[in-house]
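Q: Let me begin by handing over the structure; questions about it come next.
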Amino acid sequence: MLKILLFLLVLGALVILGLRWGGRGLPPKIGGIAPDFDLFDAKQVRHRLADYRGRWLVLYFYPKDATPTCTREACNLRDGYHEFQVRNVALLGVSLDNSDSHADFAQRHALPFPLLIDADAVVARAYGSLWDFGFLRLAKRHTFLIDPEGRVAKVYQKIDADQHAWEILSDLNHLDTRAGVVAPPSGANNPTIRHKS
């Protein structure tokens, strides 16, 4: 009897987790319209997808401020930020952390780009970038490269935190070339950009 009860409890827990997992959504498809967002950053500045029409946008989701991998990823993007600016590419980070956490994280690591607050996980869910276990919710480490028309040009689901800026910049060069736009020189002479060999 005890084994049956234990089995039913485990089965019930798996069903609940499965329902939560099933509601997480899938990332938008390449070429599809990027899901809209309307979020505030730590300085209470509002950011909407429509604000970035006409330029490339890097929208990166990360699990938690000040954790080791999230810090390495943010610092790598910070080190490549000048190259994003040269190309007129906007860069936004998104997590479920609050304003104080974002402000502390950005100040501690001199992050020059906004960190958006998705406390209700609405945007992370819309982008298929949410771990939802009921008692614990975190954004997944996903990045979306959104083109000037608001379409998803690239989805990054397996990310090397120490090379992410280089990977995005390399893809931007390729995508801009395909679109007939001549991209500025890459960070070849910039020691903060690490190139793969």
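We name chains A, B, ... following the order of the structure tokens; residues begin at 1 in each chain, and ligands are numbered from 1 as shown.
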At most 8 Å is the cut-off: for each residue in segment 14-83 of chain A with any atom that close to an atom of segment 139-148 of chain A, write down the nearest atom pair and the distance in Å rounded to one decimal, counting only C-alpha atoms, chain first then increasing number, as a Markdown table.
A:
```
| residue | atom | partner | partner_atom | distance |
| --- | --- | --- | --- | --- |
| A:Ala34 | CA | A:Ile146 | CA | 7.0 |
| A:Tyr52 | CA | A:Pro148 | CA | 7.3 |
| A:Arg53 | CA | A:Pro148 | CA | 5.2 |
| A:Gly54 | CA | A:Pro148 | CA | 4.3 |
| A:Arg55 | CA | A:Pro148 | CA | 4.3 |
| A:Trp56 | CA | A:Asp147 | CA | 4.8 |
| A:Leu57 | CA | A:Ile146 | CA | 5.0 |
| A:Val58 | CA | A:Leu145 | CA | 4.8 |
| A:Leu59 | CA | A:Phe144 | CA | 5.2 |
| A:Tyr60 | CA | A:Thr143 | CA | 4.1 |
| A:Phe61 | CA | A:His142 | CA | 5.2 |
| A:Tyr62 | CA | A:Arg141 | CA | 4.5 |
| A:Pro63 | CA | A:Ala139 | CA | 4.6 |
| A:Lys64 | CA | A:Ala139 | CA | 7.8 |
```
Q: Apply DSSP to the backbone of this structure and, from segment 32-165 of chain A, keep only the residues in strand (DSSP E); write these as a PyMOL selection string.
A: chain A and resi 38-41+46-48+57-61+90-95+115-117+130-132+137-139+142-146+152-156
Q: Name the closest residue to Ser99 of chain A among the candidates A:Arg87, A:Asp118, A:Asn76, A:Met1; distances are taken between atoms, counting only C-alpha atoms.
A: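 Going through A:Arg87, A:Asp118, A:Asn76, A:Met1 one by one, the smallest distance to Ser99 of chain A is for A:Asp118.
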Q: Just checking: using only C-alpha atoms, which residue out of A:Ile33, A:Val89, A:Ala153, A:Leu116 ends up closest to His174 of chain A?
A: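 For His174 of chain A, the nearest of the candidates is A:Ala153.
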Q: I need the residue nearest Val123 of chain A from this list: A:Leu96, A:Ile4, A:Val152, A:Ile30. Use only C-alpha atoms for the distance.
A: A:Leu96
Q: Between A:Phe105, A:Leu115, A:Tyr127, A:Thr69, single out the one closest to His47 of chain A, counting only C-alpha atoms.
A: A:Leu115
Q: Tell me which of A:Phe113, A:Tyr156, A:Phe37, A:Tyr81 sits closest to Asp51 of chain A, counting only C-alpha atoms.
A: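 Of the candidates, the smallest distance to Asp51 of chain A is held by A:Phe37.
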Q: From the options A:Gly32, A:Arg108, A:Leu2, A:Leu138, which residue's atoms come nearest to Val155 of chain A, counting only C-alpha atoms?
A: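 Of A:Gly32, A:Arg108, A:Leu2, A:Leu138, the one nearest Val155 of chain A is A:Gly32, counting only C-alpha atoms.
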Q: Distance atom CA of Arg48 of chain A-atom CA of Asn88 of chain A, one decimal place?
A: 17.1 Å
Q: Going by DSSP on the backbone, which residues of segment 4-194 of chain A come out as helix (DSSP H, G or I)? List them as a VMD selection string.
A: chain A and resid 4 to 22 49 to 52 68 to 79 81 to 86 99 to 108 122 to 126 164 to 178 187 to 189
